[in-house]
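Undergrad: Take a look at query_4.tsv, TSV, C-alpha atoms and all ligand atoms:
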```
chain	number	residue	atom	x	y	z
Z	204	MET	CA	24.62	-2.99	-10.81
Z	205	VAL	CA	22.24	-4.02	-8.01
Z	206	LYS	CA	19.76	-6.87	-8.07
Z	207	LEU	CA	16.32	-5.98	-6.74
Z	208	ASN	CA	13.49	-8.41	-6.10
Z	209	VAL	CA	10.27	-6.48	-6.62
Z	210	ASN	CA	6.91	-8.23	-6.54
Z	211	GLY	CA	8.60	-11.59	-7.13
Z	212	LYS	CA	10.64	-10.51	-10.17
Z	213	THR	CA	14.37	-9.77	-10.21
Z	214	TYR	CA	15.57	-6.52	-11.78
Z	215	ASP	CA	19.14	-5.42	-12.50
Z	216	VAL	CA	19.33	-1.78	-11.53
Z	217	ASN	CA	22.12	0.60	-12.43
Z	218	ALA	CA	21.83	3.49	-9.98
Z	219	GLU	CA	23.93	5.32	-7.38
Z	220	PRO	CA	23.93	3.69	-3.93
Z	221	ASP	CA	22.35	6.77	-2.35
Z	222	THR	CA	19.40	6.76	-4.78
Z	223	PRO	CA	16.19	6.52	-2.75
Z	224	LEU	CA	14.40	3.21	-3.23
Z	225	LEU	CA	11.30	5.19	-4.32
Z	226	TRP	CA	13.03	6.55	-7.41
Z	227	THR	CA	14.58	3.19	-8.17
Z	228	ILE	CA	11.13	1.60	-8.13
Z	229	ARG	CA	9.54	4.35	-10.22
Z	230	GLU	CA	12.32	5.19	-12.69
Z	231	HIS	CA	14.37	2.02	-13.03
Z	232	VAL	CA	11.81	-0.70	-12.38
Z	233	GLY	CA	8.99	1.33	-13.96
Z	234	LEU	CA	6.31	0.78	-11.31
Z	235	THR	CA	4.62	4.13	-10.66
Z	236	GLY	CA	1.92	3.17	-8.15
Z	237	THR	CA	4.28	4.19	-5.34
Z	238	LYS	CA	4.10	7.98	-5.01
Z	239	TYR	CA	6.36	10.87	-4.06
Z	240	GLY	CA	4.83	13.25	-1.55
Z	241	CYS	CA	7.28	14.87	0.87
Z	242	GLY	CA	10.57	13.05	0.31
Z	243	VAL	CA	11.39	13.19	4.04
Z	244	ALA	CA	9.54	10.16	5.48
Z	245	GLN	CA	6.61	12.23	6.75
Z	246	CYS	CA	3.60	11.62	4.50
Z	247	GLY	CA	3.70	7.88	3.70
Z	248	ALA	CA	2.81	8.24	0.01
Z	249	CYS	CA	5.91	6.20	-0.88
Z	250	SER	CA	5.15	3.24	1.44
Z	251	VAL	CA	6.20	-0.22	0.31
Z	252	HIS	CA	6.90	-3.49	2.13
Z	253	ILE	CA	10.38	-4.97	2.47
Z	254	ASN	CA	10.23	-8.55	3.71
Z	255	GLY	CA	6.73	-7.74	4.95
Z	256	ASN	CA	7.77	-4.64	6.92
Z	257	LEU	CA	6.42	-1.19	6.09
Z	258	VAL	CA	9.09	1.15	4.72
Z	259	ARG	CA	8.92	4.75	3.51
Z	260	SER	CA	10.90	4.29	0.33
Z	261	CYS	CA	11.71	7.98	-0.25
Z	262	SER	CA	14.13	7.81	2.68
Z	263	TYR	CA	15.51	4.32	2.14
Z	264	PRO	CA	18.71	4.28	0.07
Z	265	LEU	CA	19.36	1.64	-2.51
Z	266	SER	CA	22.53	0.71	-0.61
Z	267	ALA	CA	20.38	-0.54	2.30
Z	268	VAL	CA	18.57	-3.10	0.14
Z	269	LYS	CA	20.03	-6.61	0.32
Z	270	PRO	CA	19.89	-8.96	-2.70
Z	271	THR	CA	17.74	-11.34	-0.61
Z	272	ASP	CA	15.20	-8.62	0.31
Z	273	LYS	CA	11.72	-9.02	-1.08
Z	274	ILE	CA	10.14	-5.69	-1.98
Z	275	THR	CA	6.38	-5.47	-2.46
Z	276	THR	CA	4.71	-2.46	-4.03
Z	277	ILE	CA	1.01	-1.71	-4.50
Z	278	GLU	CA	1.18	-3.46	-7.88
Z	279	GLY	CA	2.30	-6.69	-6.19
Z	280	LEU	CA	0.11	-6.65	-3.08
Z	281	SER	CA	-2.27	-9.19	-4.62
Z	282	ALA	CA	-3.37	-10.72	-7.86
Z	283	LYS	CA	-6.25	-8.80	-9.42
Z	284	ARG	CA	-6.59	-6.37	-6.50
Z	285	SER	CA	-8.01	-9.17	-4.35
Z	286	HIS	CA	-6.26	-8.32	-1.07
Z	287	PRO	CA	-8.93	-7.72	1.60
Z	288	VAL	CA	-7.67	-4.15	2.06
Z	289	GLN	CA	-8.07	-3.43	-1.65
Z	290	VAL	CA	-11.52	-5.03	-1.69
Z	291	ALA	CA	-12.59	-3.01	1.35
Z	292	TRP	CA	-11.10	0.21	-0.09
Z	293	ALA	CA	-13.20	-0.21	-3.21
Z	294	ALA	CA	-16.30	-1.14	-1.23
Z	295	VAL	CA	-16.04	1.91	1.03
Z	296	ASP	CA	-14.98	4.07	-1.94
Z	297	VAL	CA	-12.11	5.53	0.10
Z	298	PRO	CA	-10.08	7.55	-2.44
Z	299	GLN	CA	-10.83	11.16	-3.28
Z	300	CYS	CA	-7.98	12.47	-5.48
Z	301	GLY	CA	-6.26	9.13	-4.90
Z	302	TYR	CA	-2.69	10.38	-4.65
Z	303	CYS	CA	-1.99	9.12	-1.13
Z	304	GLN	CA	-3.96	5.93	-1.45
Z	305	SER	CA	-1.39	3.35	-2.54
Z	306	GLY	CA	0.63	4.32	0.53
Z	307	GLN	CA	-2.46	4.15	2.73
Z	308	ILE	CA	-3.30	0.67	1.43
Z	309	MET	CA	0.24	-0.60	2.01
Z	310	ALA	CA	0.16	0.83	5.54
Z	311	ALA	CA	-3.26	-0.74	6.25
Z	312	ALA	CA	-2.11	-4.14	4.96
Z	313	SER	CA	0.93	-3.95	7.23
Z	314	LEU	CA	-1.18	-2.91	10.24
Z	315	LEU	CA	-3.62	-5.80	9.81
Z	316	LYS	CA	-0.79	-8.29	9.61
Z	317	LYS	CA	0.41	-7.20	13.04
Z	318	ASN	CA	-2.97	-6.36	14.55
Z	319	PRO	CA	-5.84	-8.26	12.87
Z	320	HIS	CA	-8.56	-6.27	14.69
Z	321	PRO	CA	-7.34	-2.73	15.31
Z	322	THR	CA	-9.45	-0.15	17.12
Z	323	ASP	CA	-9.88	3.35	15.70
Z	324	ARG	CA	-7.15	4.46	18.06
Z	325	ASP	CA	-4.82	1.67	16.86
Z	326	ILE	CA	-5.48	2.75	13.26
Z	327	ASP	CA	-4.78	6.41	14.02
Z	328	GLU	CA	-1.58	5.56	15.87
Z	329	ALA	CA	-0.25	3.09	13.28
Z	330	MET	CA	-1.32	4.87	10.12
Z	331	THR	CA	0.38	8.24	10.17
Z	332	ASN	CA	0.09	8.66	6.39
Z	333	ILE	CA	-1.16	12.08	5.37
Z	334	CYS	CA	-4.25	12.49	3.19
Z	335	ARG	CA	-4.72	16.04	1.99
Z	336	CYS	CA	-8.26	15.19	0.95
Z	337	GLY	CA	-9.10	14.12	4.51
Z	338	THR	CA	-10.35	10.60	3.79
Z	339	TYR	CA	-9.46	9.44	7.29
Z	340	GLN	CA	-13.01	8.42	8.28
Z	341	ARG	CA	-13.37	6.23	5.21
Z	342	ILE	CA	-9.88	4.79	5.77
Z	343	ARG	CA	-10.91	3.71	9.27
Z	344	ALA	CA	-14.15	2.16	7.96
Z	345	ALA	CA	-12.26	0.29	5.24
Z	346	VAL	CA	-9.64	-1.03	7.68
Z	347	HIS	CA	-12.44	-2.41	9.88
Z	348	MET	CA	-14.11	-4.00	6.85
Z	349	ALA	CA	-10.80	-5.53	5.71
Z	350	ALA	CA	-10.32	-6.94	9.22
Z	351	ASP	CA	-13.76	-8.59	8.96
Z	352	LEU	CA	-12.95	-9.96	5.52
Z	353	ASN	CA	-9.70	-11.40	6.85
Z	354	THR	CA	-11.53	-13.09	9.70
Z	355	LYS	CA	-14.12	-14.67	7.48
Z	356	GLY	CA	-11.36	-15.54	5.02
Z	357	GLY	CA	-11.39	-16.34	1.36
Z	358	ARG	CA	-11.91	-14.36	-1.79
Z	359	GLN	CA	-15.50	-15.54	-2.24
Z	360	VAL	CA	-16.53	-14.12	1.13
Z	361	ALA	CA	-14.76	-10.90	0.22
Z	362	THR	CA	-16.51	-10.78	-3.10
Z	363	ASP	CA	-19.89	-11.41	-1.50
Z	364	GLU	CA	-19.28	-8.62	1.03
Z	365	LEU	CA	-18.19	-6.33	-1.75
Z	366	LEU	CA	-21.37	-7.00	-3.69
Z	367	ASN	CA	-23.45	-6.44	-0.57
Z	368	HIS	CA	-21.79	-3.13	0.14
Z	369	THR	CA	-21.18	-1.66	-3.25
Z	370	ALA	CA	-24.14	-1.62	-5.50
Z	371	GLY	CA	-23.46	1.34	-7.77
Z	372	LEU	CA	-19.94	2.16	-6.52
Z	373	THR	CA	-16.99	2.45	-8.89
Z	374	VAL	CA	-14.07	0.14	-8.14
Z	375	VAL	CA	-10.92	2.22	-7.97
Z	376	ASP	CA	-7.44	0.90	-8.74
Z	377	ALA	CA	-5.35	2.87	-6.29
Z	378	GLY	CA	-2.22	1.54	-7.95
Z	379	LYS	CA	-3.01	3.39	-11.14
Z	380	VAL	CA	-3.61	6.88	-9.77
N	1	LIG	S1	7.27	10.75	0.03
N	1	LIG	FE1	8.04	9.30	1.43
N	1	LIG	S2	7.06	9.76	3.29
N	1	LIG	FE2	6.44	11.35	1.95
N	2	LIG	S1	-7.18	10.98	-1.43
N	2	LIG	FE1	-6.31	12.87	-2.00
N	2	LIG	S2	-4.54	13.04	-0.77
N	2	LIG	FE2	-5.54	11.29	-0.01
```
The structure given in the file should be rewritten as C-alpha cells.
Ligand code: FES
Ligand code: FES

TA:
Amino acid sequence: MVKLNVNGKTYDVNAEPDTPLLWTIREHVGLTGTKYGCGVAQCGACSVHINGNLVRSCSYPLSAVKPTDKITTIEGLSAKRSHPVQVAWAAVDVPQCGYCQSGQIMAAASLLKKNPHPTDRDIDEAMTNICRCGTYQRIRAAVHMAADLNTKGGRQVATDELLNHTAGLTVVDAGKV
C-alpha cells in the first residue's frame, strides 16, 4: 500500500511499484483529466506537477513517488478553473478535440512559474507537448494572455479580461475532456 497526496488529499493505493503514475491517478485515484497519449514520455498528454515540477506521468513509476510528494493534476490546478492559464485558455478558445489540453495547461502553468513572460520561442522550446489538432498558435496566444493576467494579478482582473475577450465564446473545461 502506498500513500499518495493528490490535489491536497491523501489516497491509499494498492498497486505494483512499477505501475506508471498516470494509471495510478486514473485507475486508482479516479481522476481522468490526465490523459494517455504515447506512453513513452513524448507527447505530454499525461503531464502533472510533482512538488511544482512538470512530470510526464506515463513514464514515472509509482515507486519513485515519495509519501511527502505533492502531486497536482488538472483537477487540482485551481479552484473553479480560476488559474490564469485556464482563464486564458477559455478566453482564447484554445482546445479543438481537447485531448491534449490538460497536459498543455499543466505545461503552460509550469512554464509561467519559471518564466513569467516567455517569448514565442521560449514557449516553443519549453512546451514540447504534441497537439494533433495543431492548436499551437492559440496555445501561444493563451500563454501570453495568462502571463498578462499574472502580472496584473487577481481573479477580478482575470475575470474582467475574460469578459472583454470572450463575448460569445464557450468556456471549456479541459479537465473533463
Ligand atoms: S502519454 Fe505520457 S508523454 Fe505521452
Ligand atoms: S486539441 Fe486535439 S490533440 Fe490537441

Undergrad: Collect all residues with atoms no farther than 10 Å from ligand LIG 2 (chain N), counting all atoms listed in the file, and output them as a list in words.

TA: Gly240, Cys246, Ala248, Val297, Pro298, Gln299, Cys300, Gly301, Tyr302, Cys303, Gln304, Ser305, Gly306, Gln307, Asn332, Ile333, Cys334, Arg335, Cys336, Gly337, Thr338, Tyr339, Ile342, Ala377 and Val380 of chain Z

Undergrad: With only C-alpha atoms as the counted atoms, please give the residues lying no more than 12 Å from Z:Gly233, apart from itself and same-chain residues fewer than 3 positions off, as a ChimeraX atom specification.

TA: /Z:209,214,216,225-230,236-237,276,278

Undergrad: Neighbouring residues of ligand LIG 1 (chain N) are defined here as those with any atom at most 6 Å from a ligand atom, counting only C-alpha atoms and all ligand atoms; list them as a VMD selection string.

TA: chain Z and resid 239 to 249 259 to 261

Undergrad: Which residues of stretch 213-277 of chain Z come within 9 Å of stretch 313-320 of chain Z, and what is each one's closest atom pair and distance in Å (one decimal), counting all atoms listed in the file, sorted by chain and residue number, as a tab-separated table?

TA:
```
residue	atom	partner	partner_atom	distance
Z:His252	CA	Z:Ser313	CA	7.9
Z:Gly255	CA	Z:Ser313	CA	7.3
Z:Asn256	CA	Z:Ser313	CA	6.9
Z:Leu257	CA	Z:Ser313	CA	6.2
```

Undergrad: Could you work out how far atom CA of Z:Ile308 lies from atom CA of Z:Ile274, giving the answer in Å with one decimal?

TA: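 Separation of atom CA of Z:Ile274 and atom CA of Z:Ile308: 15.3 Å.
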
Undergrad: Z:Pro220: which residues within 9 Å, counting all atoms listed in the file, same-chain residues fewer than 5 positions away excluded, as a ChimeraX atom specification?

TA: /Z:205,264-267

Undergrad: Would you please work out which residue, of Z:Ile253, Z:Ala349, Z:Arg324, Z:Lys212, is nearest to Z:Gln289 when using all atoms listed in the file?

TA: Z:Ala349

Undergrad: What is the atom CA of Z:Asp296 to atom CA of Z:Leu352 distance in Å?

TA: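 Distance between the two atoms: 16.0 Å.
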
Undergrad: Measuring between only C-alpha atoms, which one of Z:Asn353, Z:Asn217, Z:Asn208, Z:Thr331 shows the shortest distance to Z:Asn254?

TA: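 Nearest to Z:Asn254: Z:Asn208.
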
Undergrad: Nearest to Z:Thr235 among Z:Pro321, Z:Val251, Z:Tyr263, Z:Arg341, with distances taken over only C-alpha atoms: which residue is it?

TA: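 Between Z:Pro321, Z:Val251, Z:Tyr263, Z:Arg341, the residue approaching Z:Thr235 most closely is Z:Val251.
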
Undergrad: Please report the interatomic distance between atom CA of Z:Ala311 and atom CA of Z:Lys238 in Å with one decimal.

TA: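 Here the two named atoms are 16.0 Å from each other.
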
Undergrad: Using all atoms listed in the file, which protein or nucleic acid residues come within 9 Å of Z:His286? Drop anything in the same chain fewer than 3 positions from it, and give the result as a PyMOL selection string.

TA: chain Z and resi 280-283+289-291+312+349+358+361

Undergrad: Determine the axis-aligned bounding box of all atoms of stretch 347-357 of chain Z present in the file, pad each side by 5 Å, and express its centre and edge lengths in Å to one decimal place as AutoDock Vina command-line options.

TA:
```
--center_x -11.9 --center_y -9.4 --center_z 5.6 --size_x 14.4 --size_y 23.9 --size_z 18.5
```

Undergrad: Excluding Z:Gln340 and its own-chain neighbours fewer than 4 positions away, which residues fall within 10 Å of it when counting only C-alpha atoms? Please give them as a PDB file with C-alpha atoms, in the coordinates of the input.

TA:
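For reference, selection-v9.pdb as written:
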```
ATOM      1  CA  VAL Z 297     -12.110   5.530   0.100  1.00  0.00           C
ATOM      2  CA  ASP Z 323      -9.880   3.350  15.700  1.00  0.00           C
ATOM      3  CA  ALA Z 344     -14.150   2.160   7.960  1.00  0.00           C
ATOM      4  CA  ALA Z 345     -12.260   0.290   5.240  1.00  0.00           C
TER       5      ALA Z 345
END
```
